[in-house]
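*Asks:* Structure supplied as data17.cif; contents: mmCIF, C-alpha atoms and all ligand atoms.
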```cif
data_upload
loop_
_atom_site.label_atom_id
_atom_site.label_comp_id
_atom_site.auth_asym_id
_atom_site.auth_seq_id
_atom_site.Cartn_x
_atom_site.Cartn_y
_atom_site.Cartn_z
CA MET A 475 90.17 76.75 -105.00
CA VAL A 476 89.80 77.99 -108.57
CA GLU A 477 90.60 75.44 -111.24
CA THR A 478 92.44 76.28 -114.45
CA PRO A 479 89.77 76.83 -117.07
CA GLY A 480 90.11 75.17 -120.46
CA PHE A 481 90.97 77.47 -123.33
CA LYS A 482 91.17 76.96 -127.05
CA ALA A 483 94.30 75.68 -128.73
CA GLN A 484 96.46 78.36 -130.34
CA SER A 485 98.60 78.16 -133.44
CA GLU A 486 100.62 81.33 -132.80
CA VAL A 487 102.23 81.83 -129.39
CA VAL A 488 104.28 84.95 -128.65
CA ILE A 489 106.71 86.32 -126.11
CA SER A 490 105.08 89.63 -125.26
CA GLY A 491 107.10 90.92 -122.32
CA ALA A 492 110.45 90.44 -120.62
CA GLY A 493 111.76 91.68 -117.29
CA LEU A 494 115.23 91.91 -115.75
CA TRP A 495 115.91 92.76 -112.12
CA LYS A 496 119.42 93.00 -110.69
CA PRO A 497 120.50 93.27 -107.05
CA GLU A 498 122.02 96.53 -105.80
CA HIS A 499 125.29 94.95 -104.61
CA ILE A 500 128.26 94.35 -106.90
CA VAL A 501 131.29 92.19 -106.15
CA SER A 502 134.23 92.93 -108.46
CA ASN A 503 136.85 90.34 -109.46
CA GLU A 504 139.44 92.35 -107.54
CA GLU A 505 137.44 92.30 -104.30
CA LEU A 506 136.68 88.61 -104.64
CA VAL A 507 140.29 87.66 -105.39
CA LYS A 508 141.64 89.79 -102.54
CA SER A 509 139.42 88.06 -100.02
CA TYR A 510 139.96 84.55 -101.48
CA ASN A 511 143.75 85.03 -101.53
CA ALA A 512 143.74 86.20 -97.91
CA PHE A 513 141.68 83.09 -97.01
CA ALA A 514 143.96 80.76 -99.02
CA THR A 515 147.18 82.25 -97.62
CA ARG A 516 145.96 81.83 -94.06
CA PHE A 517 144.73 78.28 -94.81
CA ASN A 518 148.11 77.33 -96.30
CA GLU A 519 149.97 78.76 -93.30
CA GLU A 520 147.73 76.97 -90.82
CA HIS A 521 148.09 73.67 -92.67
CA ALA A 522 151.76 74.04 -93.65
CA THR A 523 152.90 70.76 -92.10
CA ALA A 524 149.98 68.72 -93.43
CA ILE A 525 150.50 70.26 -96.90
CA GLU A 526 154.20 69.39 -96.76
CA GLN A 527 153.36 65.79 -95.81
CA GLY A 528 150.86 65.54 -98.67
CA GLU A 529 147.86 65.13 -96.36
CA VAL A 530 146.18 68.41 -97.27
CA GLN A 531 146.13 70.10 -100.65
CA GLU A 532 147.61 73.56 -100.85
CA LYS A 533 145.11 76.21 -101.93
CA PRO A 534 146.31 77.89 -105.12
CA LEU A 535 146.03 81.66 -105.34
CA SER A 536 143.41 83.24 -107.59
CA SER A 537 143.86 86.11 -110.03
CA ALA A 538 141.47 88.72 -111.40
CA GLU A 539 143.38 88.70 -114.68
CA PHE A 540 142.89 84.92 -115.07
CA ILE A 541 139.19 85.19 -114.29
CA GLU A 542 138.53 87.80 -116.95
CA LYS A 543 140.64 86.07 -119.57
CA ALA A 544 139.29 82.55 -118.90
CA SER A 545 135.63 83.49 -118.48
CA GLY A 546 134.90 87.07 -119.59
CA ILE A 547 133.60 87.88 -116.09
CA ARG A 548 134.55 91.21 -114.48
CA GLN A 549 132.01 91.42 -111.68
CA ARG A 550 128.83 89.81 -110.40
CA TYR A 551 125.72 91.00 -108.57
CA ALA A 552 125.03 89.69 -105.08
CA TYR A 553 121.60 89.61 -103.46
CA VAL A 554 123.41 89.93 -100.12
CA LYS A 555 127.05 90.99 -100.16
CA GLU A 556 127.66 90.84 -96.43
CA GLY A 557 129.70 87.75 -95.56
CA ILE A 558 130.95 86.86 -99.06
CA LEU A 559 134.26 88.71 -98.62
CA ASP A 560 134.64 87.97 -94.91
CA ILE A 561 137.40 85.36 -94.64
CA GLU A 562 135.90 84.11 -91.37
CA ARG A 563 132.69 83.27 -93.28
CA MET A 564 133.10 83.03 -97.09
CA ARG A 565 129.39 82.92 -97.85
CA PRO A 566 126.59 85.50 -97.90
CA LYS A 567 124.72 86.18 -94.68
CA ILE A 568 121.11 85.97 -95.82
CA PRO A 569 118.79 86.52 -92.86
CA ARG A 570 116.22 83.84 -92.09
CA ARG A 571 112.67 85.10 -92.57
CA PRO A 572 109.60 83.91 -90.66
CA GLU A 573 107.18 81.66 -92.55
CA GLU A 574 104.62 84.47 -92.66
CA ALA A 575 107.04 86.77 -94.52
CA LEU A 576 107.69 86.84 -98.26
CA SER A 577 110.56 84.49 -99.07
CA HIS A 578 113.78 85.90 -100.53
CA GLN A 579 113.35 84.05 -103.79
CA ALA A 580 109.70 85.04 -104.20
CA GLU A 581 110.76 88.64 -103.60
CA ILE A 582 113.30 88.70 -106.41
CA ALA A 583 110.94 86.69 -108.63
CA LEU A 584 108.27 89.35 -108.11
CA ASN A 585 110.74 92.14 -108.95
CA ALA A 586 111.33 90.69 -112.42
CA ALA A 587 107.74 89.47 -112.89
CA ARG A 588 106.24 92.94 -112.44
CA ILE A 589 108.58 94.39 -115.09
CA ALA A 590 107.67 91.61 -117.54
CA LEU A 591 103.93 92.05 -116.92
CA ASP A 592 104.23 95.81 -117.55
CA ALA A 593 106.20 95.22 -120.75
CA ALA A 594 103.50 92.81 -121.94
CA ALA A 595 100.72 95.21 -120.85
CA LYS A 596 99.12 92.37 -118.88
CA THR A 597 97.53 92.18 -115.45
CA ALA A 598 97.08 89.28 -113.05
CA ASP A 599 93.66 88.53 -114.55
CA ASP A 600 95.23 87.77 -117.93
CA ILE A 601 97.62 85.09 -116.58
CA ASP A 602 96.61 81.46 -115.97
CA MET A 603 99.95 79.86 -115.08
CA VAL A 604 103.10 80.86 -113.19
CA ILE A 605 106.27 78.83 -113.66
CA VAL A 606 109.24 79.59 -111.43
CA SER A 607 112.15 77.86 -113.09
CA CYS A 608 115.75 78.13 -111.95
CA ALA A 609 118.82 76.19 -110.84
CA TYR A 610 117.93 76.08 -107.11
CA THR A 611 114.86 76.76 -105.03
CA GLU A 612 115.02 78.02 -101.49
CA ARG A 613 112.73 75.28 -100.18
CA SER A 614 110.88 72.21 -101.40
CA TYR A 615 107.33 73.38 -100.81
CA PRO A 616 105.05 75.23 -101.01
CA ALA A 617 106.35 76.11 -104.46
CA ILE A 618 107.89 79.57 -104.85
CA ALA A 619 105.64 79.90 -107.92
CA ILE A 620 102.50 79.53 -105.79
CA GLU A 621 103.77 82.19 -103.39
CA VAL A 622 104.38 84.54 -106.34
CA GLN A 623 101.00 83.64 -107.83
CA SER A 624 99.32 84.53 -104.54
CA GLU A 625 101.23 87.84 -104.18
CA LEU A 626 100.22 88.89 -107.69
CA GLY A 627 96.63 87.68 -107.32
CA ILE A 628 96.82 85.30 -110.28
CA LYS A 629 94.27 82.48 -110.50
CA GLY A 630 95.08 79.07 -112.01
CA THR A 631 98.31 77.13 -111.54
CA GLY A 632 101.82 77.73 -110.26
CA PHE A 633 104.71 75.29 -110.07
CA ASP A 634 108.49 75.22 -109.72
CA MET A 635 110.90 73.61 -112.17
CA LEU A 636 114.62 72.83 -111.75
CA VAL A 637 116.69 72.32 -114.89
CA ALA A 638 119.97 74.01 -113.86
CA CYS A 639 121.26 76.32 -116.62
CA SER A 640 118.44 75.37 -118.98
CA ALA A 641 115.64 76.07 -116.50
CA ALA A 642 114.52 79.21 -118.35
CA THR A 643 114.39 77.81 -121.88
CA PHE A 644 112.78 74.55 -120.74
CA ALA A 645 110.11 76.53 -118.87
CA LEU A 646 109.50 78.75 -121.89
CA GLN A 647 108.93 75.59 -123.91
CA ARG A 648 106.42 74.34 -121.28
CA ALA A 649 104.70 77.76 -121.38
CA HIS A 650 104.52 77.71 -125.17
CA ASP A 651 103.08 74.20 -125.16
CA ALA A 652 100.45 75.07 -122.51
CA ILE A 653 99.20 78.02 -124.58
CA ALA A 654 99.37 76.08 -127.85
CA ALA A 655 97.36 73.25 -126.27
CA GLY A 656 94.80 75.64 -124.83
CA SER A 657 95.47 74.90 -121.15
CA ALA A 658 96.42 78.54 -120.42
CA ARG A 659 95.79 81.87 -122.14
CA ALA A 660 99.00 83.44 -120.90
CA VAL A 661 101.91 82.17 -118.80
CA LEU A 662 104.38 84.02 -116.58
CA VAL A 663 107.81 82.35 -116.54
CA ILE A 664 110.23 83.59 -113.85
CA ASN A 665 113.89 82.75 -113.20
CA PRO A 666 114.91 84.02 -109.74
CA GLU A 667 118.53 82.88 -109.87
CA LEU A 668 119.75 83.14 -106.30
CA THR A 669 123.01 81.33 -107.02
CA SER A 670 125.34 82.78 -104.35
CA PRO A 671 124.30 80.37 -101.55
CA GLN A 672 125.63 77.43 -103.64
CA VAL A 673 129.03 78.96 -104.48
CA ASN A 674 132.13 77.61 -102.77
CA TYR A 675 133.94 80.92 -102.21
CA THR A 676 136.92 78.96 -100.83
CA ASP A 677 137.56 77.20 -104.17
CA SER A 678 139.78 79.02 -106.68
CA ASP A 679 138.30 77.08 -109.62
CA SER A 680 134.74 78.21 -109.05
CA HIS A 681 134.60 81.14 -106.59
CA PHE A 682 134.23 83.67 -109.42
CA ILE A 683 131.66 81.98 -111.62
CA PHE A 684 128.19 82.93 -110.39
CA GLY A 685 126.05 86.02 -109.83
CA ASP A 686 122.51 86.63 -108.58
CA VAL A 687 119.75 88.05 -110.80
CA SER A 688 116.08 87.56 -111.65
CA THR A 689 114.42 87.47 -115.07
CA ALA A 690 110.87 86.90 -116.29
CA MET A 691 108.86 86.55 -119.49
CA VAL A 692 105.19 86.63 -120.41
CA LEU A 693 103.95 84.30 -123.15
CA GLU A 694 100.48 84.50 -124.63
CA ALA A 695 98.40 83.82 -127.73
CA ALA A 696 99.13 86.22 -130.61
CA GLU A 697 95.46 87.17 -130.74
CA THR A 698 95.55 88.74 -127.25
CA CYS A 699 98.95 90.45 -127.59
CA THR A 700 99.04 94.26 -127.38
CA SER A 701 102.68 94.75 -126.41
CA ASP A 702 105.11 97.10 -128.20
CA HIS A 703 107.72 94.39 -128.71
CA SER A 704 106.50 90.86 -129.33
CA TYR A 705 108.00 87.75 -130.86
CA THR A 706 106.30 84.79 -132.47
CA ILE A 707 107.81 81.51 -131.30
CA LEU A 708 108.62 79.63 -134.51
CA GLY A 709 109.84 76.54 -132.67
CA SER A 710 111.41 75.25 -129.48
CA LYS A 711 113.76 72.36 -128.86
CA SER A 712 115.20 70.78 -125.73
CA GLN A 713 117.52 67.89 -125.03
CA THR A 714 119.32 66.32 -122.10
CA VAL A 715 122.33 63.99 -121.93
CA PHE A 716 123.53 62.77 -118.54
CA SER A 717 126.92 64.07 -117.34
CA ASN A 718 128.68 64.23 -113.97
CA ASN A 719 130.87 67.13 -115.05
CA ILE A 720 128.75 69.82 -113.37
CA ARG A 721 127.27 68.90 -110.01
CA SER A 722 125.57 70.39 -106.99
CA ASN A 723 124.86 67.57 -104.52
CA PHE A 724 123.14 69.46 -101.75
CA GLY A 725 119.74 67.97 -101.04
CA TYR A 726 117.35 66.83 -98.36
CA VAL A 727 118.89 63.37 -98.01
CA ALA A 728 122.05 64.97 -96.51
CA TYR A 729 120.19 65.07 -93.19
CA THR A 730 120.29 61.27 -93.04
CA GLN A 731 123.90 60.84 -94.10
CA ASP A 732 125.69 62.05 -90.96
CA ILE A 733 127.76 64.51 -92.97
CA ASP A 734 128.01 68.29 -93.05
CA ALA A 735 125.15 69.12 -95.41
CA TYR A 736 127.20 72.02 -96.76
CA CYS A 737 130.50 70.19 -97.23
CA GLU A 738 132.59 70.98 -100.33
CA GLU A 739 131.23 68.07 -102.40
CA ASN A 740 127.71 69.32 -101.87
CA LEU A 741 128.39 72.80 -103.26
CA PHE A 742 128.71 73.63 -106.97
CA HIS A 743 131.74 72.05 -108.63
CA GLN A 744 132.61 71.21 -112.18
CA ASN A 745 135.19 69.88 -114.55
CA GLY A 746 135.23 73.13 -116.53
CA ARG A 747 137.54 72.00 -119.30
CA SER A 748 135.43 68.89 -120.06
CA VAL A 749 132.25 70.95 -119.97
CA PHE A 750 133.75 73.32 -122.47
CA LYS A 751 134.90 70.54 -124.80
CA GLU A 752 131.71 68.50 -124.64
CA VAL A 753 129.00 71.15 -124.53
CA CYS A 754 130.21 73.42 -127.36
CA PRO A 755 129.82 70.82 -130.14
CA MET A 756 126.49 69.65 -128.66
CA ALA A 757 125.16 73.21 -128.67
CA VAL A 758 126.30 73.79 -132.25
CA THR A 759 124.59 70.63 -133.53
CA HIS A 760 121.46 71.39 -131.51
CA LEU A 761 121.22 74.90 -132.97
CA GLN A 762 121.90 73.78 -136.53
CA GLU A 763 119.09 71.21 -136.25
CA GLN A 764 116.77 73.71 -134.57
CA ILE A 765 117.23 76.32 -137.31
CA GLU A 766 116.63 73.69 -139.99
CA GLU A 767 113.49 72.42 -138.23
CA VAL A 768 111.88 75.87 -138.45
CA ASP A 769 112.82 76.19 -142.14
CA LEU A 770 115.35 78.97 -141.66
CA ASP A 771 118.96 79.19 -142.77
CA LEU A 772 121.69 80.20 -140.32
CA PRO A 773 122.25 83.62 -142.01
CA ASP A 774 118.53 84.37 -141.41
CA VAL A 775 119.25 84.63 -137.67
CA LYS A 776 119.94 88.25 -136.74
CA ARG A 777 120.54 87.72 -133.05
CA TRP A 778 121.89 84.89 -130.89
CA TRP A 779 120.88 85.31 -127.24
CA LEU A 780 123.20 82.60 -125.98
CA HIS A 781 123.66 81.15 -122.52
CA GLN A 782 126.22 83.15 -120.53
CA ALA A 783 128.67 80.82 -118.78
CA ASN A 784 131.91 81.61 -120.51
CA ILE A 785 132.78 84.13 -123.23
CA ASN A 786 135.09 81.72 -125.02
CA MET A 787 132.29 79.13 -125.29
CA ASN A 788 130.00 81.73 -126.87
CA LEU A 789 132.65 82.94 -129.30
CA LEU A 790 133.40 79.36 -130.35
CA ILE A 791 129.76 78.33 -130.76
CA ALA A 792 128.90 81.45 -132.77
CA LYS A 793 131.96 80.99 -134.98
CA ARG A 794 131.14 77.34 -135.70
CA LEU A 795 127.56 78.30 -136.59
CA LEU A 796 128.37 81.30 -138.78
CA GLY A 797 131.69 80.17 -140.25
CA ARG A 798 133.16 83.48 -139.05
CA ASP A 799 133.42 85.52 -135.86
CA ALA A 800 130.07 86.87 -134.67
CA SER A 801 129.87 90.58 -133.93
CA ALA A 802 129.01 91.77 -130.41
CA GLU A 803 125.68 92.91 -131.85
CA GLU A 804 124.86 89.48 -133.32
CA ALA A 805 125.76 87.48 -130.20
CA PRO A 806 125.70 89.86 -127.24
CA ILE A 807 127.76 89.08 -124.12
CA VAL A 808 126.51 90.11 -120.67
CA LEU A 809 128.95 88.01 -118.66
CA ASP A 810 131.27 90.92 -117.93
CA GLU A 811 128.55 92.66 -115.89
CA PHE A 812 126.48 89.71 -114.60
CA ALA A 813 128.83 86.66 -114.52
CA ASN A 814 127.14 83.26 -114.95
CA THR A 815 123.58 83.61 -113.69
CA ALA A 816 122.59 79.98 -114.37
CA SER A 817 119.43 79.86 -116.48
CA ALA A 818 118.92 83.63 -116.63
CA GLY A 819 121.91 84.42 -118.86
CA SER A 820 120.26 84.11 -122.27
CA ILE A 821 117.16 85.92 -120.95
CA ILE A 822 119.30 88.84 -119.70
CA ALA A 823 120.93 89.01 -123.15
CA PHE A 824 117.42 89.09 -124.68
CA CYS A 825 116.19 91.77 -122.24
CA LEU A 826 119.11 94.07 -122.98
CA HIS A 827 119.38 93.44 -126.71
CA HIS A 828 116.04 92.98 -128.46
CA GLN A 829 114.34 96.34 -128.86
CA ASP A 830 116.40 97.37 -131.90
CA LEU A 831 115.18 94.38 -133.94
CA VAL A 832 112.58 95.18 -136.60
CA LYS A 833 109.50 93.29 -137.82
CA GLY A 834 110.54 90.03 -139.47
CA ASP A 835 113.96 89.79 -137.76
CA CYS A 836 114.65 86.33 -136.30
CA GLY A 837 116.63 85.47 -133.20
CA VAL A 838 117.45 82.44 -131.07
CA ILE A 839 117.39 82.12 -127.29
CA CYS A 840 119.63 79.21 -126.28
CA SER A 841 120.89 77.76 -123.00
CA PHE A 842 123.36 74.97 -122.28
CA GLY A 843 124.70 73.61 -119.03
CA ALA A 844 124.38 71.11 -116.22
CA GLY A 845 122.58 67.87 -116.87
CA TYR A 846 123.78 68.29 -119.62
CA SER A 847 120.79 70.24 -120.83
CA ILE A 848 120.33 72.34 -123.95
CA GLY A 849 117.23 74.37 -124.74
CA SER A 850 116.40 76.83 -127.50
CA LEU A 851 113.57 78.89 -128.97
CA VAL A 852 113.58 80.51 -132.40
CA VAL A 853 111.55 83.72 -132.46
CA ARG A 854 110.52 86.27 -135.09
CA LYS A 855 109.74 89.90 -134.29
CA ARG A 856 106.16 90.90 -135.11
C1 LIG B 901 135.75 77.42 -115.44
C2 LIG B 901 136.59 77.95 -116.59
C3 LIG B 901 136.43 79.45 -116.69
C4 LIG B 901 138.06 77.66 -116.29
O1 LIG B 901 138.85 78.08 -117.38
P1 LIG B 901 139.94 77.13 -118.01
O2 LIG B 901 140.69 77.89 -119.02
O3 LIG B 901 139.26 75.86 -118.44
O4 LIG B 901 140.87 76.91 -116.79
P2 LIG B 901 141.45 75.55 -116.19
O5 LIG B 901 140.55 75.07 -115.11
O6 LIG B 901 141.83 74.57 -117.27
O7 LIG B 901 142.77 76.12 -115.56
C5 LIG B 901 143.85 76.67 -116.35
C6 LIG B 901 144.94 77.13 -115.41
O8 LIG B 901 144.49 78.25 -114.65
C7 LIG B 901 144.58 77.99 -113.25
N1 LIG B 901 143.45 78.58 -112.54
C8 LIG B 901 142.22 78.03 -112.31
N2 LIG B 901 141.45 78.87 -111.59
C9 LIG B 901 142.21 79.98 -111.37
C10 LIG B 901 141.98 81.20 -110.71
N3 LIG B 901 140.83 81.47 -110.10
N4 LIG B 901 142.98 82.11 -110.69
C11 LIG B 901 144.16 81.87 -111.28
N5 LIG B 901 144.45 80.73 -111.93
C12 LIG B 901 143.48 79.79 -111.98
C13 LIG B 901 144.57 76.49 -113.14
O9 LIG B 901 145.17 76.08 -111.95
C14 LIG B 901 145.32 76.08 -114.38
O10 LIG B 901 146.70 76.18 -114.14
P3 LIG B 901 147.74 75.13 -114.80
O11 LIG B 901 147.58 75.31 -116.27
O12 LIG B 901 149.03 75.56 -114.25
O13 LIG B 901 147.27 73.78 -114.34
C15 LIG B 901 136.21 77.29 -117.90
O14 LIG B 901 136.64 75.96 -117.95
C16 LIG B 901 134.75 77.30 -118.15
O15 LIG B 901 134.07 78.30 -118.06
N6 LIG B 901 134.21 76.15 -118.60
C17 LIG B 901 132.81 76.03 -118.93
C18 LIG B 901 132.07 76.14 -117.69
C19 LIG B 901 130.60 76.15 -117.85
O16 LIG B 901 130.04 76.49 -118.84
N7 LIG B 901 129.97 75.73 -116.82
C20 LIG B 901 128.60 75.74 -116.76
C21 LIG B 901 128.24 75.97 -115.36
S1 LIG B 901 126.57 76.06 -115.23
#
```
Before we go any further, please render this structure as structure tokens.
*Replies:*
Amino acid sequence: MVETPGFKAQSEVVISGAGLWKPEHIVSNEELVKSYNAFATRFNEEHATAIEQGEVQEKPLSSAEFIEKASGIRQRYAYVKEGILDIERMRPKIPRRPEEALSHQAEIALNAARIALDAAAKTADDIDMVIVSCAYTERSYPAIAIEVQSELGIKGTGFDMLVACSAATFALQRAHDAIAAGSARAVLVINPELTSPQVNYTDSDSHFIFGDVSTAMVLEAAETCTSDHSYTILGSKSQTVFSNNIRSNFGYVAYTQDIDAYCEENLFHQNGRSVFKEVCPMAVTHLQEQIEEVDLDLPDVKRWWLHQANINMNLLIAKRLLGRDASAEEAPIVLDEFANTASAGSIIAFCLHHQDLVKGDCGVICSFGAGYSIGSLVVRKR
């Protein structure tokens, strides 16, 4: 086993490459609603008597128009589409792979990682740490990060992190700190957000929210950076405040509880209205403090790569920060194409909307979500 070598502390840490990989399958709102409504109608017919007697709750119908208006989502990508729209199944049919084969999540992690490494003009030999950070991992161990590390031939350390929607920003902060402290020369942070297995496609409130995607970033010391587009990290900030308003209860203890491990309470559910009301002001205060801490003023920020859970949240947060509506260029939205991709949302926004910035332009990557957790990094183009 090769141990992580010690390196010298660094005062300037940069993001030198970013990668976005999206699955080939798309599920539109219309397709999703058609299948959910067929499921709900059949459920209501089958349980008509129990519903009448108040023993079973009627399933409300869903609407593509509501989904777009309430969330900004028009479609989502699915790693595996088969099964999602099948009203006999209502979940993707992801084939089980043997232990010797590459895991699904490592596969999509690698897809994004390779793009980020290319963008940063780095090879495996340059990287000392791999962090796979996302809302869910496919298994407990060995870490997906170690599998990815092995596939890429990277020496040093790999570990998984789970911080729900803030997994990416929190991992970027860990990567920054490792390079600044001298414990790694360069770090590969990957967010393989395989969210579809945790979606309750039989629940009108949440069946439309999530999509699958994978993103990655390379961080390194400024002195080794040769990439075409690189960003000095001026500061990073994270905070958590406990809340029960967004939960996913599935876990290994379910085995001991004599329940269906995949029952409704164990899948993703939230109190969306409360999340909206509570998280928006928290994110605004967090960002105001963060900008002040790095000695910038709010108008100095050219681009806000915000978390992508709900378009109305982003519009509200940007308006509170700027005192006016933000333009689509200032605070890009990717929800229409990708839906909520847990921690990857702000990284997708960065991947698709950073190359036009010029030297000296500042931007903020910010996530907010379950936990609650809020994470942000202020960066300046070099
Ligand atoms: C989930 C979310 C899009 C729902 O939007 P909303 O405007 O709050 O919607 P509500 O749940 O209050 O429902 C409003 C109405 O639409 C209805 N509705 C809910 N889902 C529906 C659907 N799929 N189709 C049609 N109507 C629907 C409700 O029944 C309700 O009807 P009522 O007014 O007659 O009671 C929104 O709350 C949200 O995105 N919140 C933040 C979520 C978030 O960031 N989560 C982080 C996850 S990591």
*Asks:* Just want the residues within 9 Å of ligand LIG 901 (chain B), written as a PyMOL selection string, counting only C-alpha atoms and all ligand atoms.
*Replies:* chain A and resi 507+534-547+609+638-640+677-684+719-721+742-751+753+781-787+814-817+842-844
*Asks:* If I take atom CA of Arg563 of chain A and atom CA of Thr676 of chain A, how far is one from the other in Å, to one decimal?
*Replies:* 9.7 Å
*Asks:* I'd like the contact shell of Thr700 of chain A - 8 Å cut-off, all atoms listed in the file, skipping same-chain residues fewer than 3 positions apart - returned as a PDB file with C-alpha atoms, keeping the file's coordinate frame.
*Replies:*
```
ATOM      1  CA  SER A 490     105.080  89.630-125.260  1.00  0.00           C
ATOM      2  CA  ALA A 594     103.500  92.810-121.940  1.00  0.00           C
ATOM      3  CA  ALA A 595     100.720  95.210-120.850  1.00  0.00           C
TER       4      ALA A 595
END
```
*Asks:* What separation in Å, quoted to one decimal, exists between atom CA of Phe824 of chain A and atom CA of Val852 of chain A?
*Replies:*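 Taking atom CA of Phe824 of chain A and atom CA of Val852 of chain A, their separation equals 12.2 Å.
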*Asks:* With all atoms listed in the file as the basis for distance, which of A:Lys629, A:Arg648, A:His827, A:His499 is at the shortest distance from Tyr551 of chain A?
*Replies:*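 Of A:Lys629, A:Arg648, A:His827, A:His499, the one nearest Tyr551 of chain A, counting all atoms listed in the file, is A:His499.
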*Asks:* Residues within 10 Å of His650 of chain A, please, as JSON, numbers by chain. Count all atoms listed in the file; anything in the same chain fewer than 5 positions from it doesn't count.
*Replies:* {"A": [484, 486, 487, 488, 489, 644, 645, 655, 656, 658, 660, 661, 693, 694, 695, 707, 709, 710, 851]}
*Asks:* May I ask for the distance between atom CA of Leu708 of chain A and atom CA of Leu584 of chain A, given in Å to one decimal place?
*Replies:* 28.1 Å
*Asks:* With only C-alpha atoms as the atoms that count, which of A:Thr759, A:Ala696, A:Val604, A:Gln527 lies nearest to Ser624 of chain A?
*Replies:*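 Distance minimum relative to Ser624 of chain A lands on A:Val604.
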*Asks:* Find, counting only C-alpha atoms, the residue in A:Asp602, A:Ala524, A:Arg548, A:Asp835 that gets nearest to Ile807 of chain A.
*Replies:*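 Looking only at the distances to Ile807 of chain A, the closest residue turns out to be A:Arg548.
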*Asks:* Pick out the closest residue to Ile589 of chain A from this set: A:Ser502, A:Thr689, A:Thr643, A:Asn788. Count only C-alpha atoms.
*Replies:*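 Between A:Ser502, A:Thr689, A:Thr643, A:Asn788, the residue approaching Ile589 of chain A most closely is A:Thr689.
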*Asks:* Neighbours of Gly627 of chain A within 10 Å (all atoms listed in the file; same-chain residues fewer than 6 positions away dropped), as a list of chain:residue names?
*Replies:*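 Near Gly627 of chain A, the qualifying residues are A:Thr597, A:Ala598, A:Asp599, A:Ile601, A:Glu621.
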